[in-house]
Amino acid sequence: MKFTDRLARALTLHGVRRVYGLQGGSVAHIFDSLESYEINVTYLHHEESCAFAAVTESLIGDQIGVLVVTTGPAGTNSLTGILGAWQDSIPLIVISGQARSYQLSYGRKIRQYGSQEAPIIDIVKPITKATFLLTDRDSVEEVLSKAFNIANSGRPGPVWIDIPIDVQLTTSKDKCEPVDQLRESEEVLPGKTDLTSFLDNTILALRESLKPVVILGGGVRETLTKSEELIQLLNRSKLPIILTWTSSTLANKLENYIGIAGPFGHESTNSYLKSSDFLLAVGTNFGPNNIGNNLEWFTNTRIFLCNIDPEQLKFIKERLKVVSIVAECNAFLSEFLHKLSLEGLVRSDANFESFMSRDYASCSSSLVESYTRSGLLHSHGVVEFLTRTGVRNLVIDGGGTALYSGFQGAHLERVSKVICLAAISSMGTALAQSIPFNECKEVTLVVIGDGSFFMCLRELVSLKSSQRLLVLVINNKGYLAIRHTQAQYLERRFVGTFYDQGSQLPSIKPVVESFGFNYLPIVSIADLERINLNDIDRVTIAEAFCDPDQRPMWHTPFVKTGSGS
Ligand SMILES: Cc1ncc(C[n+]2csc(CCOP(=O)(O)OP(=O)(O)O)c2C)c(N)n1
């Protein structure tokens, strides 16, 4: 049996039904085998897009995201998406074609020998959990099992499998020799942790607290997406829950969700967090994007952290006084909630109730009306309006205003799936990230800035015109997020940001129409009110003409340190 057929068969055995890729001489055999095993391959127009789409596939949760890229530049093209998966801890399998085994530069002091050869495994090592370079002695089935296991276990992340073309062409009997040469040591997971004393201390502190709050990060996203029981326990506990960008997809399940914190989260949530006296954070890196830059906020807060990654905890403990445990976050959360339930501990304090009915409600409603300046739309308001009802999936681009408007403006609690590569916050992620929704019967809203839209224009080719996709392009004359920086710190010297330079981004209307998609201009609230999501039955690209000088909303500014820096 041909090696690539065995690869395809093994992928199907791991539940892989969809793969993203782009052709090349060193992967043509792989794609040929995938297709013959009825794996649905979506061919995109840049390997970066393949990685972005594969990330969405993992986030949707039916299978792990898989991408196939060819040699040299194809691998390097995919790196932004791989970095995103690494930093947001999203499992991913990357399969690359490679030059012939005896033409590789690995371990040699040469720059290149084989055609289009690049030492991709050396390049991706710092941003993958494990890498494998296959030889003809390896059992592809065994390598794949290890790869899937590593990608999904512990703190999930990408695993890279590099397959030289000569290896791909080998044939062998079904039963293969076991792998004798793993190229990377496997992750060492923490042993089963004794949670007892940590749990007891946490619950004791919780009992003593007046204003407790829990932050749930991406580390518990998948389990909570699937476990109705844990969601019920969380809801019954009445503990106020703050989410992060990577866990925001849980908002619609949690009755006590009170928003997202951090510089680009919700203002009211930040003030709730700031005044809390007990904080339990599970499965989050507890970094500035999640909690802001002002660690002084927490001087009087008792903080309990659970994370599977000891290095991440060590980093936090150097900066903040916390009680922490290295443990598998889902197991911890489950034990914690069951114990709360057994002890009948329900937190329902007056602060929380009034917060929910006043502060949070007022911050999350009617942004359109509140943030429209002299007839010009505010992008937060447009997103708020469009997510009031009927949007099933929300794909948020990583570039500037779209990212902020997506998370601050949207009714996350009314959307089933929120997709974003948050940590890398890269422009131009959203179109490719929406592709896996092409069979979805409900509407997917994609929020993207005009500068970012031009960065990923090529993936318009890949959208299925029948897809129920509403792409909201925020036209604010480009690069507003950077213009804010220039206005604030560079006395409005707008270089390289299009604005006031006589040059502007071109109109998107002819581009959209040349692809045969619906074009929908939005210049006023009346235009927004005319949009009926039920009518979005194919790709519709809406251009919202927003205030090019719109103010950023409630992000915490940089603060001077004691040394004045
Ligand atoms: C790949 C990449 N390059 C550069 C940046 C830095 N950056 C952050 S926001 C931004 C401008 C985004 O412009 P646009 O998409 O027009 O959004 P706006 O902020 O104007 O709404 C830039 C250049 C980035 N985030 N990602």
# chains A, B, ... in the order shown; residues from 1 in each chain; ligands from 1
$ residues_near_ligand --ligand "ligand 1" --cutoff "6 Å" --atoms "only C-alpha atoms and all ligand atoms" --output "list in words"
Gly399, Gly400, Thr401, Ala402, Ser425, Ser426, Met427, Gly449, Asp450, Gly451, Ser452, Asn476, Gly478, Tyr479, Leu480, Ala481 and Ile482 of chain A
$ select_by_dssp --residues "segment 48-82 of chain A" --states "strand (DSSP E or B)" --output "ChimeraX atom specification"
/A:65-69
$ write_last_selection --atoms "C-alpha atoms" --output "PDB file, in the first residue's frame"
ATOM      1  CA  GLY A  65      -7.953  21.225  11.944  1.00  0.00           C
ATOM      2  CA  VAL A  66      -5.585  19.750   9.356  1.00  0.00           C
ATOM      3  CA  LEU A  67      -3.635  21.552   6.629  1.00  0.00           C
ATOM      4  CA  VAL A  68      -1.352  20.249   3.920  1.00  0.00           C
ATOM      5  CA  VAL A  69       1.354  22.476   2.460  1.00  0.00           C
TER       6      VAL A  69
END
$ select_by_dssp --residues "segment 360-468 of chain A" --states "helix (DSSP H, G or I)" --output "VMD selection string"
chain A and resid 360 to 364 367 to 370 379 to 386 400 to 409 412 to 414 430 to 437 450 to 455 457 to 462
$ closest_residue --among "A:Gly154, A:Gly375, A:Gly283, A:Gly344" --to "Arg221 of chain A" --atoms "only C-alpha atoms"
A:Gly283
$ residues_around --residues "Ala205 of chain A" --least-positions-apart "4" --cutoff "9 Å" --atoms "only C-alpha atoms" --output "JSON, numbers by chain"
{"A": [200, 201, 209, 278, 302]}
$ residues_around --residues "Leu520 of chain A" --least-positions-apart "3" --cutoff "12 Å" --atoms "only C-alpha atoms" --output "count of residues only"
23
$ closest_residue --among "A:Arg551, A:Ile316, A:Leu533, A:Ser466" --to "Gly516 of chain A" --atoms "only C-alpha atoms"
A:Ser466
$ atom_distance --atom1 "atom CA of Leu34 of chain A" --atom2 "atom CA of Gln467 of chain A"
24.4 Å
$ residues_around --residues "segment 326-341 of chain A" --least-positions-apart "4" --cutoff "6 Å" --atoms "only C-alpha atoms" --output "MDAnalysis selection string"
chainID A and resid 193 220 283 306:308 310 345
$ atom_distance --atom1 "atom CA of Lys464 of chain A" --atom2 "atom CA of Thr56 of chain A"
16.5 Å
$ closest_residue --among "A:Arg108, A:Arg207, A:Lys129, A:Arg468" --to "Gln87 of chain A" --atoms "only C-alpha atoms"
A:Lys129
$ closest_residue --among "A:Thr223, A:Thr429, A:Gln112, A:Thr135" --to "His46 of chain A" --atoms "only C-alpha atoms"
A:Thr429
$ residues_around --residues "Pro164 of chain A" --least-positions-apart "4" --cutoff "12 Å" --atoms "only C-alpha atoms" --output "ChimeraX atom specification"
/A:3-4,25-27,29-30,70-72,95-104,114-120,132-136,168-170
$ closest_residue --among "A:Trp245, A:Phe31, A:Tyr489, A:Tyr113" --to "His266 of chain A" --atoms "only C-alpha atoms"
A:Trp245
$ closest_residue --among "A:Ile121, A:Ala10, A:Ile291, A:Leu460" --to "Lys274 of chain A" --atoms "only C-alpha atoms"
A:Ile291
$ decode --residues "segment 487-499 of chain A" --atoms "N, CA and C atoms" --output "compact mmCIF listing (two decimals), in the first residue's frame"
# COMPACT_ATOMS: atom_id res chain seq x y z
N ALA A 487 -2.14 59.81 16.41
CA ALA A 487 -2.76 61.01 16.96
C ALA A 487 -2.32 61.21 18.41
N GLN A 488 -2.24 60.11 19.13
CA GLN A 488 -1.97 60.21 20.56
C GLN A 488 -0.49 60.48 20.86
N TYR A 489 0.36 59.85 20.10
CA TYR A 489 1.79 59.92 20.47
C TYR A 489 2.68 60.58 19.43
N LEU A 490 2.17 60.82 18.22
CA LEU A 490 3.04 61.34 17.16
C LEU A 490 2.48 62.61 16.53
N GLU A 491 1.75 63.37 17.36
CA GLU A 491 1.20 64.66 16.92
C GLU A 491 0.55 64.60 15.54
N ARG A 492 -0.22 63.59 15.35
CA ARG A 492 -1.02 63.40 14.14
C ARG A 492 -0.17 63.37 12.86
N ARG A 493 1.02 62.84 12.96
CA ARG A 493 1.81 62.66 11.72
C ARG A 493 1.38 61.32 11.11
N PHE A 494 0.44 61.40 10.19
CA PHE A 494 -0.16 60.19 9.64
C PHE A 494 0.65 59.68 8.44
N VAL A 495 1.66 58.94 8.70
CA VAL A 495 2.40 58.36 7.56
C VAL A 495 2.07 56.87 7.46
N GLY A 496 1.91 56.44 6.24
CA GLY A 496 1.65 55.01 6.00
C GLY A 496 0.29 54.54 6.44
N THR A 497 -0.61 55.50 6.69
CA THR A 497 -1.95 55.09 7.15
C THR A 497 -3.05 55.65 6.24
N PHE A 498 -2.68 56.03 5.05
CA PHE A 498 -3.61 56.41 3.99
C PHE A 498 -4.31 57.76 4.20
N TYR A 499 -4.68 58.04 5.41
CA TYR A 499 -5.56 59.17 5.71
C TYR A 499 -4.82 60.48 5.46
